[in-house]
Each structure stands twice: as structure tokens, then as C-alpha cells.
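Chemist: The structure that follows is given in the form of C-alpha cells.
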There are 4 protein chains.
Amino acid sequence: MLPSGQPKFRRRKAERPSEIIDAALAVFAEKGFAAAKLDEIAARAGVSKGALYLYFATKQDLFRAVVEQAIAPNLHLIRTAIAAHPGPISDLLRLIAGRLAEVVERLPVGGVVKMVIGEARNFPELARVWHDELVAQALDAMTDAIRAAQARGEVRPGDPRAYAVQFVAPMLVGVIWRETFVPVGARPFDLPALMRQHIETLLTGLLTEEAHA
Amino acid sequence: MLPSGQPKFRRRKAERPSEIIDAALAVFAEKGFAAAKLDEIAARAGVSKGALYLYFATKQDLFRAVVEQAIAPNLHLIRTAIAAHPGPISDLLRLIAGRLAEVVERLPVGGVVKMVIGEARNFPELARVWHDELVAQALDAMTDAIRAAQARGEVRPGDPRAYAVQFVAPMLVGVIWRETFVPVGARPFDLPALMRQHIETLLTGLLTEEAHA
Amino acid sequence: MLPSGQPKFRRRKAERPSEIIDAALAVFAEKGFAAAKLDEIAARAGVSKGALYLYFATKQDLFRAVVEQAIAPNLHLIRTAIAAHPGPISDLLRLIAGRLAEVVERLPVGGVVKMVIGEARNFPELARVWHDELVAQALDAMTDAIRAAQARGEVRPGDPRAYAVQFVAPMLVGVIWRETFVPVGARPFDLPALMRQHIETLLTGLLTEEAHA
Amino acid sequence: MLPSGQPKFRRRKAERPSEIIDAALAVFAEKGFAAAKLDEIAARAGVSKGALYLYFATKQDLFRAVVEQAIAPNLHLIRTAIAAHPGPISDLLRLIAGRLAEVVERLPVGGVVKMVIGEARNFPELARVWHDELVAQALDAMTDAIRAAQARGEVRPGDPRAYAVQFVAPMLVGVIWRETFVPVGARPFDLPALMRQHIETLLTGLLTEEAHA
DNA sequence: TATGAATGAGTGTTCATTCAT
DNA sequence: AATGAATGAACACTCATTCAT
């Protein structure tokens, strides 16, 4: 309590939107869209409720901004993965698995995943954006890589798109587990370890005899 | 105001609660807890809004009833699966996979899964019930079966709990995909086929040389 | 404070809308649309704020209902006035003037007039409805009657529509005066007397014989 | 951040208040007090919202300034009209009618009238100021002139105050008509012509010689 | 002076819950 | 048991007002 006190206002036009989006992500992820209160988002962002409306016209707009921004960093991940070289498929899968494990430890993926799953019916445009710009692209890229490997004789016959899902599913389930059941006492998974074991299991089953040699 | 009036068929009150729960499941699954309106639930159940309160004290209670009831049929599935152990693990996994695929085609699993994932933070007791009474039991049963198979030399070394997750993950992801992205135009998966391919891939990688013979 | 107390609710579906409209008319007339609070309207109607929404979807809808209902009784007045023509114009004008004076003493015309004038720019549809269904019809009917009287040689040459306005203007101004300045201490007008004098003046002129000479 | 910057022309501060008042008049007249937004007033005045508070302490103060300023030019009109007496009353009335028609074509009288009528209940002091300093004075002056004319035998017996109202009412109604109904498609009145016809009618009467007989 | 980002009390609207019928 | 009109607390959003710059 210095005699001067802190200023009641801070003028920070540039930083505010992302501060608000971060706070909103946290609250939306925790509560879902409808149950999230703007009061709480504002409080967490350290601004007044009215200030939210300087940057986002409605609660829905704010939600859209949150979900759309959450795509950005991941897009990078995909592009690098897509660019991922001609080498043997086993290397590629190990590489991607490692990347995924990292991302998942570092970013609030869980919250975003829950938001998208939970609000897809209420915000179909968002589900569409996520599918078209992120999920489908990632899945297609994986599928292409696997199909190419099949053509090279590295991977056994089978639906390559299904193989791609088999590949990422445990990571996704691990994240959901962490978000859903760990907070109520469930034993957590060591996601990187889970993914390592999964890759090796999958490779053993996925690869042809020659590819193993 | 004729004394007779139309001959109103009143359903027996015994059926009302489950009719309401069914309607509520549909709405909660579609909208999430907070965005679900009692008006809509009542309308779908064919009763007045006030009537809901004859059977459920609050919206939360109704939600609890919905989530808890959704456990019941699945519990049966698990118990039979648990009881199925003696033979080789490959048979067990194929059996369970088939059962899962059936259930998933027949029951509104997707909606329930979304509800549990989406509202876990808002209703921790529900997440706990689901974990303790259903998910953890299923996972433990699977883990035990795999561990036993390892002891018998059928399954390669590795974390059996992780193996269990690897096993079910694609089915779960397939269901989520169906709920989330198919409505906005995504290409659906043939879940039984996905699960069949997954089992075979996994078994090839999971089993020891001897078990393959 | 009888031990039983009054019932908290009253079920009066049929009466409510008009009770609410009456209360709303009072408040809108006094404050204007924007400054009128639904809380106050509800309180004056003896219902809760929420109850308003059982009958009117929005504040604007309620306002529309108020303004539109205010047309109904006046429409009757016009129709009879229109039907009244055959005799000499002087009789017709005296008749209508008497009717107007009555209406203006009995109904909350002033509030309605203020509402329509004050909110015409904010609610053009309402201004249009009022014009098309009430004001223009009345003015046209008067104009026709005067034109017919001119054809019969009863009325001097001149724009009959202007004559019609000259005829009703003092009544309107008198009402506005009553609403606007009397509450702050202005000397009121005796509207019937004003109208009687006006009619006679209009019919015979202001000036004395000598003044004309 | 060059030291020079653009050569900004700053208007002298002395002009600001009246610029703001003009803008405010436009917005208040169009929307009414409550529906008028300071944002819009500031924008029309070409200043920031904050700048309004350098000149007016509150929105109400600004409104007061607007309504009070609107009195000034009219006061002049009255004084000259009052000074105009000696000749025959017919000349006086024709003179004043011409002045009124001019004023009404040139100044935003309509908006002011609407403001005063619409907000009289919300701002009684303003209604009082308008009454005491403008309307009552004008009416009294007219009344006195008419009474004097009666004493001179120029005007028939009757309530001179009522005669005064009869005199100005069509002009007022014409202005209100222009503000209220013309924007939604009503046929406008030619106000000077209306007033000319009105004066002559009032002076000589509506009826023909024969009709009187 | 002047700005405009920031505030927060206030209002329209929603909806879970109650209760007279 | 069943209804649905009515309630009122809660929330999204607005806007007059403030203040750091």
C-alpha cells in the first residue's frame, strides 16, 4: 500500500487481446462455452468485463478467437510433419510421435480438444474450421505418407487412413484421460512413454518382413 | 367442460422417469449440460416442464441420473468380458473388439462420451463415478488379462496398462470423430473395419514369436 | 398480515396482456422508449419482469403492441366521422370537434401522441403504421368532406387538406400543452371550450364586421 | 515520432462548445435523450468522447445546454414581434406568420420541439425554462395583442389566449408532421402556404357568404 | 487540451425452479 | 400426478464517465 497506489487503468492495447484469449481459453476449456462466465474470464485476464467488448464483440466471437488461435501453433507442426522426408516410415513415425509428445506436454492441448469436442454441435463452423484446416490436413498427410510407404513395400496392406488413426489414437486418448479422470484421482499415464511403446508395437505389426530387416 | 372429456391415455408413471432420462440424454449429449434447456428435454419427453420436478429435484440430479444410467448396460459388457479370460489373448481381444464395435453401433455411446469429457470439470463426482465404476474397472480388467498373457509368454514385455489403452484408443477416437467431425462433412470411419484392422496390426506387434506359431 | 397471506402467483393468462400493455403505455408515454425500464413496467402491471416475456418477446415488441393497440379505439372514431357527411359542413365539424374533445378527456391520448412523435425516428415502422392506418385516413376523410363542401359552394376556395389541418391543430396543440407544460406549472387550457371557440372562429372568421370594412 | 509532425490545425477552443452543441442537437433531436449516444455526438462533433467532458460535466448538462441555447434565437423573434404592435391586428398576425414560416424553414425547430415534448417529463426543469422564458412569453404577448385588438373593437369577443393558440397551432402541427410522418412517406405540407391560408381563414372565416345566410 | 482505453453500474433477456390449479 | 403461468436470480452486453497518457 504505497501512498500512490497502482494506477487503476493500464493502457495496453497491443497486449490485451492475447491476454484475454489466454484467460478465455482457460475458462472455456474448464467450463465449456455456456457455463463460462465473462466475469470470470475478465477477472482472470485482469480486466473489467466491459474491456472484453473493446476487443471482442460477443462471447461467441471471443470463443471463436480462442478456438481459431489454438490452430495456429499446431499448423506449424503439421507442415513440418508433411515436409517430412522420404526416409523409412519408421523414422517418420518415431519423429512425429516425439513431436506430439512434446506439444502435448507443453501446450494446453487438452483444454482445446475438450472445447472442440464438447461444442462441435453448438458451433458447427468451428468444428468445420478445425476439421478442414487442422485435423483433416494432418490425417491426410499421415495417410499419404503411409500409402507411399505401402507403395515402397514398407508397410503391410490395409487401409492407410485407418493406420493413421491407429497411430495417433493413444495420444489423444491419453490427453483426454489426463483432462477427464486424472483430476478425480485416476492414475495418470506417462504420455511420452505410452507413445514410445505404442510406436514400437505398431511398427512391429505394421511393417512388412523386408522393412524389418 | 364435459364431464367425460377425451379418453386420455396416461402412461403408467413407472415409465416416465426413463422416458425423461432418454430425452435428457439426447439433449445433454447434443448441447452439453449448461446449454441444455429443461424446456427442450420436457418437450422431447412429451411432458410438461413442471413434471420433470416430480421425478428429479434439480437439473443436476437429472444429469446425474442420465450419466449413471448410461453406465449400467456397459457394466454388463465388462463383466462378461472379464469372465472371458482363459483362452489365448488374441481370442479375447478379438472378442472384445467385436463386442465394442457392436455396442458402439447400437447405443448412443458418442453422446455419453462427449458428456463425460465435456462436463468432467463441472461435475467431478460424475467423472469419479464413471472412472471408478466403469472406466477404471474395464481398464484394470484388460490390464490384468494382458499381464496374465505376458506371464504365459504370449505377450511381449511392456507396460500392460499402456497396451490396454493402445487397444481401445482407436475405437474411442472413431466415436469422437463420428460425433464431432462427421456432422460437418468429414469422411466417416467404418468402425468395425477399423477395429478389425487395428486388432490384427496390434496382435502382430504385440505377440511373441511363440504366440504367433 | 393474515397467517395465510396472499398467493404469490396468480394465473390470469387472459387478462395479463392488456394489464401489461396498460402499464407499458403509462411508462412509455412518461419516459419514452429508451428511458422506460421493464422493471417499472412490470411493477406497475403487478407482475415480475420475467412474466413480461411470457407475452412479449422483446421490449420493442411490447412497445409495438402498445402503439398498435392505441390505434384501435381511434379507428372507430374515424369510421363514424367518415360516415357522418351528408349535412352542411358546419354540422360535421361541430360534431367531430365534440367527439375529439370527449376522446381527449377520456383516453390517454397525450401519452400516445408523445410516444409517436418522440419515437418516430427510432421506430419508423410505427410511424408508418400510425400514419397509414390512422392519421392519414382521418386527414383524408376530413379533406374529402371539405372538398365536397367546396363543391357544394359551402366552403371558400383553398387547399382542403390545409383546411383539415387548421381544423384539428388546436386540439393537438392543446393536448401537447397539457402533457408538456401543465406539469411544470403552465396554465392549462379548457380543451372543449378551446375547440368550441376554434370551430366558430374558423367557420365565421376572427374579425368583426367593422374590421372587415 | 519526428519532432515536427504534421502541422495540425487546431480550431480555437472557443468554437468547440458550440460545435458540440450543434452535434448534440442533431443527435438528441433524432434519438431523444436516452437513446442518444455520446459516442455519436462526439463523432459528429469531430472530437473524442473524452473531450465532451472538458466542456460539459454530464450528458444531462449537455442536453440542458442544447435546449437552452435553442431558446436564444427565438427569444429575439418574440421581442421584435412584441414590439410590432400598433397597427391593425391583421397586419401583426400576417407579419408574425411570415416570420414563423421563415424560422421554421431555416432552423432545426422540429428537432427542438420534439426534444422538448419528448423529454419534458424526464427533465421538468427544462420544460419549465422553455415555458417560462419562451413559450409563455410568446403566448402572453400574442394574447395581449389580441386583447388590445378586442378593446379596439377589431376582434370578436372570446378568450384571447385561445385565439392565440388557434393562431399558431397549424404551424406547430405542420412542423411535427414534417418530423414525424414525412420521413415515412407522408405527403408534406407547404408550411408557408399553409400558414398564409390559415391566417386568411382565421381572419375572415371559412364559410362563404351564402353559407352564412 | 485532448485522447481513447478502461471501468462498472445498469438493463434486457434467459431459464431453472415454484406453486396455484 | 400433472400442468404451465409466474418468479427472480443470474448473465451478456451497453454506455456514461474516468483517468493515464
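Order determines the names: the first chain of the C-alpha cells is A, the second B, and so forth; residues in each chain are numbered 1 upward, and ligands are numbered 1 upward as they are shown.
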Which chain D residues are at most 8 Å from chain E (counting only C-alpha atoms (C1' of nucleotides)), as an NGL selection string?
Modeler: :D and (48-51)
Chemist: Once the least-squares fit of chain A onto chain C is done over all Cα atoms matched in order, how many Å of RMSD are left?
Modeler: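 When all C-alpha atoms are superposed, the deviation is 3.0 Å.
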Chemist: Could you tell me which residues of chain D sit within 7 Å of chain C when counting only C-alpha atoms, and give me the result as an MDAnalysis selection string?
Modeler: chainID D and resid 30:32 34:35 114 117:118 120:122 124 127:128 131 154:156 162 165:166 169:170 173 180:181 184 194 198 201:208 211
Chemist: In Å, rounded to a single decimal, give me how far atom CA of Val47 of chain C is from atom CA of Leu38 of chain B.
Modeler: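 So the answer is 23.2 Å.
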Chemist: Looking at D:Leu107, D:Ala70, D:Met142, D:Ala57, which one is nearest to chain F, with distances taken over only C-alpha atoms (C1' of nucleotides)?
Modeler: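 Checking each candidate against chain F, we get D:Ala57 as the closest.
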Chemist: Work out how far apart atom CA of Phe123 of chain A and atom C1' of DA12 of chain F are and give it in Å to one decimal.
Modeler: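 Going from atom CA of Phe123 of chain A over to atom C1' of DA12 of chain F covers 18.0 Å.
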Chemist: Using only C-alpha atoms (C1' of nucleotides) for the distances, tell me which of C:Glu105, C:Glu68, C:Asp91, C:Asp39 is nearest to chain F.
Modeler: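 The closest residue to chain F is C:Asp39.
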Chemist: Considering only C-alpha atoms (C1' of nucleotides), extract the chain F residues located within 8 Å of chain A and return them as a PyMOL selection string.
Modeler: chain F and resi 11-12+19-20
Chemist: The selected residues should be written to file as a compact mmCIF listing (two decimals), in the first residue's frame (atoms: N, CA and C atoms (P, O5', C5', C4', C3', O3' and C1' of nucleotides)).
Modeler:
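Below is the file result-v7.txt, written as the result:
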```
# COMPACT_ATOMS: atom_id res chain seq x y z
P DC F 11 -24.23 -16.16 -13.22
O5' DC F 11 -24.16 -15.72 -14.73
C5' DC F 11 -24.96 -16.40 -15.71
C4' DC F 11 -25.18 -15.47 -16.88
C3' DC F 11 -23.93 -14.69 -17.26
O3' DC F 11 -23.70 -14.89 -18.63
C1' DC F 11 -25.82 -13.26 -17.10
P DA F 12 -22.33 -14.53 -19.31
O5' DA F 12 -22.89 -13.64 -20.51
C5' DA F 12 -23.77 -14.23 -21.46
C4' DA F 12 -24.34 -13.15 -22.35
C3' DA F 12 -23.30 -12.36 -23.14
O3' DA F 12 -23.91 -12.02 -24.39
C1' DA F 12 -24.44 -10.91 -21.62
P DC F 19 -10.98 9.02 -11.77
O5' DC F 19 -9.66 8.74 -12.64
C5' DC F 19 -9.46 7.43 -13.15
C4' DC F 19 -8.33 7.45 -14.16
C3' DC F 19 -7.22 8.46 -13.86
O3' DC F 19 -6.00 7.88 -14.25
C1' DC F 19 -8.04 8.84 -16.00
P DA F 20 -4.81 7.79 -13.19
O5' DA F 20 -3.64 7.17 -14.08
C5' DA F 20 -3.80 5.87 -14.64
C4' DA F 20 -3.20 5.82 -16.04
C3' DA F 20 -1.78 6.34 -16.14
O3' DA F 20 -1.09 5.51 -17.07
C1' DA F 20 -3.19 7.63 -17.54
```
Chemist: Running DSSP on the backbone, which parts of segment 106-209 of chain D land in helix (DSSP H, G or I), as a count of residues only?
Modeler: 79
Chemist: How many Å lie between atom CA of Leu139 of chain B and atom CA of Arg79 of chain B, rounded to one decimal?
Modeler: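 Straight-line distance from atom CA of Leu139 of chain B to atom CA of Arg79 of chain B works out to 12.0 Å.
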